[in-house]
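Some notes on the structure that comes next.
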8 protein chains.
Amino acid sequence: VRVGQSGSAELGYAHVDLDRTRRLGLPEVVYAPGKTAAEISGIVTALLERTDGPVLVTRIAPDTADALTVSGGRHDAASRTVVWRPAVPRRAHVTVLTAGTSDGPVADEALAVGAAIGLRMQVIRDVGVAGLHRLLGHLDEIGRTDVLVVVAGMEGALASVAAGLVGCPVIAVPTSTGYGASLEGVTALLAMVSSCANGVTVVNIDSGFSAALAAHRLAAVIERGRDGDGER
Amino acid sequence: VRVGQSGSAELGYAHVDLDRTRRLGLPEVVYAPGKTAAEISGIVTALLERTDGPVLVTRIAPDTADALTVSGGRHDAASRTVVWRPAVPRRAHVTVLTAGTSDGPVADEALAVGAAIGLRMQVIRDVGVAGLHRLLGHLDEIGRTDVLVVVAGMEGALASVAAGLVGCPVIAVPTSTGYGASLEGVTALLAMVSSCANGVTVVNIDSGFSAALAAHRLAAVIERGRDGDGER
Amino acid sequence: VRVGQSGSAELGYAHVDLDRTRRLGLPEVVYAPGKTAAEISGIVTALLERTDGPVLVTRIAPDTADALTVSGGRHDAASRTVVWRPAVPRRAHVTVLTAGTSDGPVADEALAVGAAIGLRMQVIRDVGVAGLHRLLGHLDEIGRTDVLVVVAGMEGALASVAAGLVGCPVIAVPTSTGYGASLEGVTALLAMVSSCANGVTVVNIDSGFSAALAAHRLAAVIERGRDGDGER
Amino acid sequence: VRVGQSGSAELGYAHVDLDRTRRLGLPEVVYAPGKTAAEISGIVTALLERTDGPVLVTRIAPDTADALTVSGGRHDAASRTVVWRPAVPRRAHVTVLTAGTSDGPVADEALAVGAAIGLRMQVIRDVGVAGLHRLLGHLDEIGRTDVLVVVAGMEGALASVAAGLVGCPVIAVPTSTGYGASLEGVTALLAMVSSCANGVTVVNIDSGFSAALAAHRLAAVIERGRDGDGER
Amino acid sequence: VRVGQSGSAELGYAHVDLDRTRRLGLPEVVYAPGKTAAEISGIVTALLERTDGPVLVTRIAPDTADALTVSGGRHDAASRTVVWRPAVPRRAHVTVLTAGTSDGPVADEALAVGAAIGLRMQVIRDVGVAGLHRLLGHLDEIGRTDVLVVVAGMEGALASVAAGLVGCPVIAVPTSTGYGASLEGVTALLAMVSSCANGVTVVNIDSGFSAALAAHRLAAVIERGRDGDGER
Amino acid sequence: VRVGQSGSAELGYAHVDLDRTRRLGLPEVVYAPGKTAAEISGIVTALLERTDGPVLVTRIAPDTADALTVSGGRHDAASRTVVWRPAVPRRAHVTVLTAGTSDGPVADEALAVGAAIGLRMQVIRDVGVAGLHRLLGHLDEIGRTDVLVVVAGMEGALASVAAGLVGCPVIAVPTSTGYGASLEGVTALLAMVSSCANGVTVVNIDSGFSAALAAHRLAAVIERGRDGDGER
Amino acid sequence: VRVGQSGSAELGYAHVDLDRTRRLGLPEVVYAPGKTAAEISGIVTALLERTDGPVLVTRIAPDTADALTVSGGRHDAASRTVVWRPAVPRRAHVTVLTAGTSDGPVADEALAVGAAIGLRMQVIRDVGVAGLHRLLGHLDEIGRTDVLVVVAGMEGALASVAAGLVGCPVIAVPTSTGYGASLEGVTALLAMVSSCANGVTVVNIDSGFSAALAAHRLAAVIERGRDGDGER
Amino acid sequence: VRVGQSGSAELGYAHVDLDRTRRLGLPEVVYAPGKTAAEISGIVTALLERTDGPVLVTRIAPDTADALTVSGGRHDAASRTVVWRPAVPRRAHVTVLTAGTSDGPVADEALAVGAAIGLRMQVIRDVGVAGLHRLLGHLDEIGRTDVLVVVAGMEGALASVAAGLVGCPVIAVPTSTGYGASLEGVTALLAMVSSCANGVTVVNIDSGFSAALAAHRLAAVIERGRDGDGER
């Protein structure tokens, strides 16, 4: 069994996984919280030098982004990302739904990460189930997408409703939108996991990033299919 | 301040509240678990003799129901109730929705208790949000009711969807239907309390009884309105 | 099945539900947290232009309220609301009880929202069960109301006690008042849902808004009754 | 510092605390679950032989009680206790309140254990707050007791109400009575600990035993006072 | 907006969703718990008569399966399923991993449901991370699959490890295997949702069924790709 | 039944319970959080004018204390209290134990409140069970007290150990001292309620106040005993 | 990196880890729940044939043990184990403490597993902190052990007290002994993890097995030390 | 039974345990939160004057460290420690693994405390299971250590994987790294306690300190072995 070997870069403060593109089709993504601008710059440099493909930093604070010393990155404050070498658009289409305006930043993260790694992203905002006609008015659009990402807080009902309407993969992202019994997203998480709609899958609370990466996994296999390599 | 006085019957094992009709418009309802058939019979006898109006026992096991010594009661196994002196139908209409077949027994309790205390009850079963057209096909019916009771387990999304479609009072009953992350109804409870739809109210898990009694309170004030006594 | 169609205004950042008055008898209410003053102003403008009836913003911070660009609104700092076109008083009377002084802001939200949408609101403050005579001294007043809203934190016992004394609908609002085992309102929520008093209904923690909207639903059906349209 | 030494009896399966009467004024009480009839018999024999005062077994199943080989014990099935050498009545009066009939067995345990160790016990059953006049009708009685034990499940509101009415020590016993949001007594426990009434103290769920032992501690210090040994 | 209309069969006890094949590519699946053999037989009959494609009952007890009155179904006790009209094998390959022998029944449900709806299923059992070489010995196999389903209880670490090794979609199924701090699967659920591996998605505890249905959604879009209809 | 009547002062923002001395032997205590200096001053004035005995404000911030307009109060920053008319020392002795230095502020609140209401308070600090000899060195002192208050965070083991050593009433106060699994005091609360030592009673997390008030209730009945009025 | 390769036996229902002795110094231990007697027999046979050292089955029901088809095993009902080829006693001494008699079965599992794998086990039962002198009477014994295993339920205080008295490694085993707030061992788990005593380590609820295996790891390194191979 | 006596220093604000070196082989360690610089200085002075061995302060804020009045201490900001009289290196080797860069500060605390008390510490950072080859590349190093400390947040899977690879004692430290379902470290705690790998032990969330002290206990017994005093 051959596993790894020299597939990592030891930076002292980090152990960068250089083998990840081979395994997962994407370089390691840098999660900013808890890292200094210098550390992030070092990791990004290692990734730019020693891997191919998009390099991303997520959940970065504006000050930290300003203090990065690696040129060429595009900082987007809304999604809290910095991106180098964004991927060219691939064939998979991903549609992000949000239940309310407050779920916007989570959707923004999914959109920015997804675009950076080459997914064709679109968003339909503020179509929560309290005004059902807003969602139903987009049924055709939703019906054509390859992957549906549903971003919702409070009781998270939008995931069940949307999944009942379309047959494509549904990735539900619970958000911490709400108060009291919403328990900072735990209620939406439990509700989405308990969905009465078949085959809904769920990622972590407020993790637009995880939704984009799950969509990346789907896109890889969809594209493998489309390119005709079904043989094994 | 005059409160009570002689408004109770001391049976040793119970302290029957005989004043409840005056205060709440209904005699005390007997919750069977933890009481013997003899105790239930004694309480029912006291209520029949010393109050007016319907007398009910809820959550009664078949064996206990068979062992009751008070004649004239109607036992309904599906709703686990025994009823004496059911009320004549009043004017308020209550519609009960269930998300799935497994929510049936909770709805049955609401229907039986509601009917016994004079509410006009109807039920629309198995209209969960995974197949939304089932609910939408009943919109007109639902739009005409005075009170909507929504019985749902798992993620409880039906409460939000229904409350977004109609303007009448909505009483959500979370059920213990489901498994795993449903946490025996706690997830549906939290989700319903966190509903994004305005003005949803919630009662205890699996408590068709509480929903019926909440509807009774609504009916009382609706009827007071209809009878024209708005003066104060 | 006719649902919605053009009943919404797409603002990019929001998808305003213009059909809500038809369905629920009230325009959409704007929840301020997570929205900029510009976004709120845009939504309010759309609602003022394209719907009838009261337009409300809730949970608004003073700075955000000052930065709104839509004239004619009345900002109330205590209840954190801004109101345009308040409704004329309707016939339903709502009484709000609070257990303690710290529950005041939640009651204030219920009072402000209720008044804006036309409910006749009154409040009786600081009548928690540790000094029971304070509540009992108001029994007559409470007995005459159409809807009772009980606002209480800590163990939330006031809801059970009040509901045992009156026959009208009781909407319990758990608050985050308290510390330690109060679990930021979760204890009061669970306690109110578990109430031994019949037919208590519960809304989300600290949600004076939800209580007012639940009362609105009741008022609608009460008024429907009073206006004599009981036919179906 | 002198602690213990030979104050225990090693039985192999148990290490009986023979010093407890000196420290706590009572021999060790035997909790039956998880012990065989033979083990219980052995422990009881050691206690009868080597200590003075009442010897008790609690939470004993009927079959186990029948299989005990130590004569002279009085088995009470309702309270699940067996008692040898009950104490003569002491001066402290303890009043047990229950919220409902289902709380009876917990009260029975408190009553049986309290009586066995010499407390003067009385009980007032089924005076839950949903029918407040039942409790208020007993105010004088309650006002005269030395210690009030309040046994209540569901939301446990009786503890707050009773503690607001009397100035004596209040020991609240949450019970597992209820369902759903009652969380098998956890809700009542949290609610009682969060009580808005001053100075309520709480013991474990369903533990009539703990309430009796807490009352025993109070009785000891009350009696020490009454016997005039306030000097130190 | 056209939604449903006549797409359901009203059986009294159930409201069968006949439109589901159009929307989701599969008829409604019947969840047996809480339904009688007669009810299940009725629903299955309606589905067989009025829809195309596989008809399944899941979580069925042996006695209930024996009492079904619809001929032609194949009952499999290990997976607790009955299947009529299984689908012909489609092109998508799904590999199920289990962490331990006790996770077997959940995997069996995924395998049976997946096979019935036309997925090409394989399983690799008992490759938990405590003996990592067992998993690493299957790397090539795992690397070729279209979808990886990871079934694990206790701490659920297998999901993270496997997702770090392959680039295809990973559906994690937490199981209730374990005791104590495993909290009947809640720990594995939270751990899988918190996975440090990118893009893991999660379904409900013990729900082999949900994993199969999520794989079905993936298969649909993979096949759409392979069949070349990427146009939109 | 005579309850209250005019026993309260309506201040608009508060409903001061003037009857409390009669019922509980102490005026209402003012909990400062959520009240303005003006409101607190108003309530204190009402209590000073219309009741006898000590008047206390607890949990007061230094700024608020400085802004009070009622003269004669003694502010103690450590315990966050202001006291007017402290009671003369009564006969009951209360000993407060703390497990660690961080539990000090909770003990300080208990000491200040206890002293203000006339209890004879002493404290033994930092005697947690990790260095057992510290507690054992104080056994004689502890053995002579009337009431033991045990203040401990983390796992709260001191309550069980102390209660196993003395026969007087034990009031356990869990604190939020600790981190991680201490869950801000919830672990200590659950642990103390589950104590293997007999008759431990528990109050809310960090509530030195509640411990003092529980001791007040004990003191009242102890003193009643010592004064010889055991008749009933 | 060489990992595994042929170090496992594929039995269809299980994937036996044959490499474990090399890695961990012990063959895989068979956890019986969820496995048939035939499966257990197959795994045991593979282990006996293809590994050296002790072979154990844990948590086995009496019926399953009777149905095993592999000769030579010793079944012990108290500890629910079957052992083949027990190890010869090694040098490390392990002392197990239990807080109460009900913790016995968990200690029995630790004792049986420990003995089978060659640890020198002793037990001191029923020395909970409510009677502290029982533990203090064993101080010398405890002070000489290499590893201390503390088995306690309820509030689990024995772990903190014992760890404060001795300097050797302490492995705390929370048990599900207790009721109500003990939350089936979760309270003891959280309390032990929050221990104020330094360096306490914790294993899963009721897992005498895990404690023995943790002691095995300690013994391995202790013995490595004693045998003088400190070089590296 | 001789316990303690004069083995403590009473400082008023603290009760310093001077006997701890005799019992545990180390002086008391000072936990800074909740103590003033003056209090810490006083405790440190007492320990320096009246005990031997290393004196440590942990979790100290930079400002407090600057304000200490005891000379000779070495302040390390990364680990938040101040150390006087560090121990000379002993024979036991401890290896700390971290799953990610964000777990660094917890590892730093373990490293600093371990070094101060004489353990030979090394660290391997950022070897989480999402890139397994990073850990596998260090197998030989890990295989030679006496004690393995595994520091990981999110789902904590590294503990199980590492413990499956090596036979030495494993101390798992869950961290609060992560968000949403990570529940501030509770998920990692529960997952590590539920580990499928044998004999993993767990300490409190984020407690590098506890891991070092647990390693100290191991080192003591290892060294006792190596020094040949196995006799008893």
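Convention: chains lettered A, B, ... in structure tokens order; per-chain residue numbering from 1; ligands numbered from 1 as shown.
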
*Would you please give, as a PyMOL selection string, all residues of stretch 140-219 of chain A that DSSP assigns to strand (DSSP E or B) based on the backbone?*
chain A and resi 147-152+170-174+200-202

Export of the given selection (C-alpha atoms) as a compact mmCIF listing (two decimals), in the first residue's frame:
```txt
# COMPACT_ATOMS: atom_id res chain seq x y z
CA VAL A 147 -26.83 20.17 -7.62
CA LEU A 148 -29.07 22.12 -5.27
CA VAL A 149 -27.56 23.75 -2.19
CA VAL A 150 -30.20 24.85 0.33
CA VAL A 151 -29.10 27.43 2.89
CA ALA A 152 -31.57 27.95 5.74
CA VAL A 170 -29.61 18.27 -2.40
CA ILE A 171 -26.96 19.57 -0.01
CA ALA A 172 -28.55 21.28 2.98
CA VAL A 173 -26.60 23.92 4.89
CA PRO A 174 -28.13 24.77 8.27
CA VAL A 200 -31.27 15.06 1.63
CA THR A 201 -27.64 15.32 2.77
CA VAL A 202 -26.36 17.81 5.29
```

*Interface, chain D side, toward chain B (10 Å; only C-alpha atoms) as number ranges by chain*: D: 98-105, 124-128, 130-137, 177-183

*asked:* I want to know what sits within 9 Å of D:Val221, based on only C-alpha atoms, with residues of the same chain fewer than 4 positions away left out; could you give that as JSON, numbers by chain?
replied: {"D": [216, 217, 225, 226], "F": [146, 147, 167, 168, 169, 222]}

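Straight-line separation from atom CA of B:Val113 to atom CA of B:Ala214: 11.2 Å.
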
*asked:* Going by DSSP on the backbone, which residues of stretch 7-138 of chain C come out as alpha helix (DSSP H)? List them as a PyMOL selection string.
replied: chain C and resi 20-24+37-50+62-67+104-116+132-136

_Residues within 9 Å of C:Ala116, please, as a count of residues only. Count only C-alpha atoms; anything in the same chain fewer than 6 positions from it doesn't count._
10

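The space separating atom CA of F:Gln122 from atom CA of F:His93 comes to 7.9 Å.
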